[in-house]
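Trainee: The structure follows.
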Amino acid sequence: MDRYGNDVLAGDWRSAGRASVARVPADPGLVVELPDSGFVGAVVGVEVGNVHLEDRHGRVRAFPLGPGFVIDGAPATLIEPTVAAPTGRARSLSGSFHVADQRARTARASRLWVEGRHDAELVEKVWGHDLRVEGVVVEYLEGVDHLADRLASFAPTPARRVGVLVDHLVDGSKEARIAAAALTTVPHGSVHIVGHPFVDIWQAVKPARLGIEGWPEVPRHLEWKRGVLAELGLPHDDQADIAHAWQRILSRVRSFHDLEPALLGPVEELIDFVTEA
C-alpha cells in the first residue's frame, strides 16, 4: 500500500463536511428571505447586479445578487434570472427588432427632451436599445416652463432638431400654451412637440401592473404624486418616499406592453423626427 498515494489536497477539500448552497435564478415571483434583517419579499426585477424584492406591504428594496439569501428555510445564492432561449429574431423592450452586437452610435446633434427624471428613466428603460442604435440622447427639462429658455440656448435647426415630450398636453392647458409659444421662436422644422394626456408620467404605466384598478383621482390643489401615494396608503411625506415609489413602479415595467398606448405613439413619433435629420 502506498502510504502517500492519497492526496488529501486533491478535489474540493475546502468544502469537505460543508453542505452545498443552491444557486437559484432570481426569476420574477421567487420569494426569498434575508436572515440578517428578516426582510421577506418576492423578486420583481433584476438590474445592474441587484435583485429588487417587494414585501407584503408593497415596499421594494434592492440587494446585491449572490449569497446570503434563504429560500424555503435553506441558504441560497441568487444568480441572474433564467432567460429563455430566443425563438426567431429577438425584440427589444419597445417591440422593435433587437440589433445584436451593435455598438452605441455616436450621439446625433439632435436631441429628445422630456420633462423630468422619471420620464427620462421610463423612456430609457423601454426605448433604450433603439436610442443607442440611433444615437439619440435623452435630456430632461425639469419642467416645461423652461422650454423656451432651453430652446434659445440650444438654437435648433432643421439639421439639429429637438423633439419634446410634454406631460398633460391637452387643448386649453398651460402646457399647450407654453408649447405653442415656444414653436414661434424657432426655425420651421427644427422642433417637434408632442405630448400625452396624463398629469404625470406615472399614469402612463398600466395600473394593472401595480395591482390596482386605476390611478386615484387627486384634487387639483394637491401635489399629484403625493396625493396618489396617500390615496394608495403608501408613505408620501418626503422626496425619498416619492423616489422609492417610482422605483417600485418602474420595476414593474417589463416592456411596451405595460405602457398606455397614449404614450407609445408620441415617443415613437419623436424618435422618428430626431433621426430624420
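Chain labels follow the order of the C-alpha cells: the first chain is A, the next B, and so on; residue numbering restarts at 1 in every chain, and ligands are counted from 1 in their shown order.
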Which residues, written as a PyMOL selection string, have at least one atom at most 12 Å from Arg117 of chain A, with only C-alpha atoms counted and residues fewer than 4 positions away on the same chain left out?
Mentor: chain A and resi 113+121-124+138-143+200-202+243+246-247
Trainee: Write out as a ChimeraX atom specification the residues lying within 8 Å of Pro266 of chain A, counting only C-alpha atoms and excluding same-chain residues fewer than 6 positions away.
Mentor: /A:165,194-196
Trainee: Neighbouring residues of segment 144-158 of chain A were defined as those with any atom within 6 Å, considering only C-alpha atoms; residues of the same chain fewer than 6 positions away were excluded. Please report them as a list of chain:residue names.
Mentor: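 Close residues of segment 144-158 of chain A: A:Glu115, A:Ala182, A:Gly189, A:Ser190.
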Trainee: Write out the residues from the selection above, keeping C-alpha atoms, as a CSV table (one decimal), in the first residue's frame.
Mentor:
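Heads up, here's the output in result_29.csv:
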```csv
chain,number,residue,atom,x,y,z
A,115,GLU,CA,-40.0,67.0,-18.7
A,182,ALA,CA,-42.1,78.1,-27.9
A,189,GLY,CA,-39.0,72.1,-39.0
A,190,SER,CA,-36.4,72.3,-36.2
```
Trainee: Among segment 50-235 of chain A, which ones does DSSP place in alpha helix (DSSP H), written as a VMD selection string?
Mentor: chain A and resid 117 to 134 147 to 154 174 to 183 224 to 231
Trainee: Those residues with N, CA and C atoms, as a compact mmCIF listing (two decimals), in the first residue's frame please?
Mentor:
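So the final result, stored in again-v3.txt, reads:
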```txt
# COMPACT_ATOMS: atom_id res chain seq x y z
N ARG A 117 -36.97 63.65 -14.59
CA ARG A 117 -36.11 62.48 -14.43
C ARG A 117 -36.89 61.18 -14.60
N HIS A 118 -38.09 61.12 -14.05
CA HIS A 118 -38.88 59.89 -14.17
C HIS A 118 -39.25 59.60 -15.62
N ASP A 119 -39.58 60.66 -16.37
CA ASP A 119 -39.87 60.50 -17.79
C ASP A 119 -38.65 59.91 -18.51
N ALA A 120 -37.48 60.47 -18.21
CA ALA A 120 -36.25 60.02 -18.86
C ALA A 120 -35.95 58.56 -18.52
N GLU A 121 -36.14 58.19 -17.26
CA GLU A 121 -35.85 56.81 -16.86
C GLU A 121 -36.80 55.81 -17.51
N LEU A 122 -38.06 56.20 -17.66
CA LEU A 122 -39.02 55.30 -18.31
C LEU A 122 -38.71 55.16 -19.79
N VAL A 123 -38.43 56.26 -20.46
CA VAL A 123 -38.08 56.20 -21.89
C VAL A 123 -36.81 55.38 -22.09
N GLU A 124 -35.84 55.57 -21.23
CA GLU A 124 -34.59 54.82 -21.35
C GLU A 124 -34.83 53.33 -21.14
N LYS A 125 -35.67 52.97 -20.19
CA LYS A 125 -35.89 51.55 -19.92
C LYS A 125 -36.54 50.84 -21.09
N VAL A 126 -37.55 51.47 -21.70
CA VAL A 126 -38.30 50.81 -22.76
C VAL A 126 -37.66 51.02 -24.13
N TRP A 127 -37.17 52.23 -24.40
CA TRP A 127 -36.64 52.52 -25.73
C TRP A 127 -35.11 52.64 -25.74
N GLY A 128 -34.45 52.26 -24.66
CA GLY A 128 -33.01 52.46 -24.57
C GLY A 128 -32.23 51.82 -25.69
N HIS A 129 -32.59 50.60 -26.07
CA HIS A 129 -31.87 49.92 -27.15
C HIS A 129 -32.00 50.70 -28.45
N ASP A 130 -33.22 51.12 -28.78
CA ASP A 130 -33.45 51.87 -30.01
C ASP A 130 -32.66 53.18 -30.01
N LEU A 131 -32.64 53.86 -28.86
CA LEU A 131 -31.95 55.14 -28.77
C LEU A 131 -30.45 54.99 -28.96
N ARG A 132 -29.88 53.92 -28.40
CA ARG A 132 -28.44 53.71 -28.56
C ARG A 132 -28.09 53.34 -30.00
N VAL A 133 -28.92 52.53 -30.63
CA VAL A 133 -28.69 52.18 -32.02
C VAL A 133 -28.74 53.43 -32.90
N GLU A 134 -29.67 54.32 -32.61
CA GLU A 134 -29.86 55.53 -33.42
C GLU A 134 -28.98 56.70 -32.98
N LEU A 147 -38.94 75.49 -21.22
CA LEU A 147 -38.76 75.09 -22.62
C LEU A 147 -38.21 76.21 -23.49
N ALA A 148 -38.81 77.41 -23.43
CA ALA A 148 -38.37 78.50 -24.30
C ALA A 148 -36.91 78.86 -24.06
N ASP A 149 -36.50 78.93 -22.80
CA ASP A 149 -35.11 79.28 -22.48
C ASP A 149 -34.15 78.19 -22.98
N ARG A 150 -34.54 76.94 -22.82
CA ARG A 150 -33.67 75.84 -23.27
C ARG A 150 -33.54 75.84 -24.79
N LEU A 151 -34.63 76.13 -25.48
CA LEU A 151 -34.55 76.17 -26.94
C LEU A 151 -33.68 77.33 -27.41
N ALA A 152 -33.78 78.46 -26.75
CA ALA A 152 -32.95 79.61 -27.12
C ALA A 152 -31.47 79.28 -26.94
N SER A 153 -31.16 78.54 -25.88
CA SER A 153 -29.77 78.16 -25.62
C SER A 153 -29.28 77.11 -26.62
N PHE A 154 -30.13 76.16 -26.96
CA PHE A 154 -29.74 75.07 -27.85
C PHE A 154 -29.65 75.52 -29.30
N LYS A 174 -52.15 74.81 -19.68
CA LYS A 174 -50.97 75.67 -19.59
C LYS A 174 -49.85 75.12 -20.46
N GLU A 175 -49.69 73.78 -20.45
CA GLU A 175 -48.63 73.15 -21.23
C GLU A 175 -48.81 73.40 -22.72
N ALA A 176 -50.08 73.37 -23.18
CA ALA A 176 -50.34 73.61 -24.61
C ALA A 176 -49.98 75.04 -24.99
N ARG A 177 -50.27 76.00 -24.12
CA ARG A 177 -49.94 77.40 -24.40
C ARG A 177 -48.43 77.61 -24.44
N ILE A 178 -47.71 76.98 -23.53
CA ILE A 178 -46.25 77.12 -23.50
C ILE A 178 -45.64 76.51 -24.76
N ALA A 179 -46.13 75.35 -25.16
CA ALA A 179 -45.61 74.67 -26.35
C ALA A 179 -45.85 75.52 -27.60
N ALA A 180 -47.06 76.05 -27.73
CA ALA A 180 -47.37 76.87 -28.90
C ALA A 180 -46.50 78.10 -28.97
N ALA A 181 -46.27 78.75 -27.83
CA ALA A 181 -45.44 79.95 -27.81
C ALA A 181 -43.99 79.61 -28.15
N ALA A 182 -43.50 78.49 -27.67
CA ALA A 182 -42.11 78.11 -27.92
C ALA A 182 -41.86 77.86 -29.40
N LEU A 183 -42.84 77.28 -30.09
CA LEU A 183 -42.66 76.97 -31.51
C LEU A 183 -42.52 78.23 -32.37
N TRP A 224 -49.66 66.06 -7.19
CA TRP A 224 -50.25 64.82 -7.72
C TRP A 224 -49.58 63.56 -7.16
N LYS A 225 -48.26 63.49 -7.19
CA LYS A 225 -47.58 62.27 -6.76
C LYS A 225 -47.87 61.97 -5.28
N ARG A 226 -47.77 62.97 -4.43
CA ARG A 226 -48.05 62.75 -3.01
C ARG A 226 -49.52 62.38 -2.80
N GLY A 227 -50.40 63.01 -3.56
CA GLY A 227 -51.81 62.69 -3.45
C GLY A 227 -52.10 61.25 -3.83
N VAL A 228 -51.46 60.77 -4.88
CA VAL A 228 -51.64 59.39 -5.31
C VAL A 228 -51.16 58.42 -4.25
N LEU A 229 -49.96 58.67 -3.71
CA LEU A 229 -49.42 57.78 -2.69
C LEU A 229 -50.30 57.77 -1.45
N ALA A 230 -50.83 58.92 -1.09
CA ALA A 230 -51.71 58.99 0.08
C ALA A 230 -52.98 58.15 -0.17
N GLU A 231 -53.55 58.26 -1.35
CA GLU A 231 -54.75 57.51 -1.68
C GLU A 231 -54.48 56.00 -1.68
```
Trainee: Give me, as a ChimeraX atom specification, the residues of segment 138-193 of chain A that a backbone DSSP run labels strand (DSSP E).
Mentor: /A:138-140,162-166,191-193
Trainee: Let's have the selection written as a compact mmCIF listing (two decimals), in the first residue's frame, with N, CA and C atoms.
Mentor:
```
# COMPACT_ATOMS: atom_id res chain seq x y z
N VAL A 138 -31.26 61.44 -24.62
CA VAL A 138 -32.45 61.94 -23.94
C VAL A 138 -32.02 62.87 -22.82
N GLU A 139 -32.60 64.05 -22.77
CA GLU A 139 -32.32 65.01 -21.71
C GLU A 139 -33.65 65.44 -21.08
N TYR A 140 -33.59 65.87 -19.82
CA TYR A 140 -34.84 66.32 -19.20
C TYR A 140 -34.78 67.80 -18.84
N VAL A 162 -34.84 69.13 -32.22
CA VAL A 162 -35.23 68.80 -30.86
C VAL A 162 -36.66 68.25 -30.88
N GLY A 163 -36.83 67.06 -30.32
CA GLY A 163 -38.15 66.50 -30.12
C GLY A 163 -38.50 66.61 -28.66
N VAL A 164 -39.68 67.11 -28.33
CA VAL A 164 -40.05 67.40 -26.95
C VAL A 164 -41.31 66.61 -26.58
N LEU A 165 -41.21 65.86 -25.47
CA LEU A 165 -42.36 65.13 -24.93
C LEU A 165 -42.88 65.89 -23.72
N VAL A 166 -44.15 66.28 -23.76
CA VAL A 166 -44.72 67.12 -22.72
C VAL A 166 -45.84 66.38 -22.00
N VAL A 191 -38.11 71.89 -34.48
CA VAL A 191 -38.62 71.40 -33.18
C VAL A 191 -39.99 70.76 -33.40
N HIS A 192 -40.17 69.62 -32.77
CA HIS A 192 -41.47 68.94 -32.81
C HIS A 192 -41.89 68.64 -31.39
N ILE A 193 -43.07 69.13 -31.01
CA ILE A 193 -43.55 68.95 -29.64
C ILE A 193 -44.80 68.08 -29.67
```
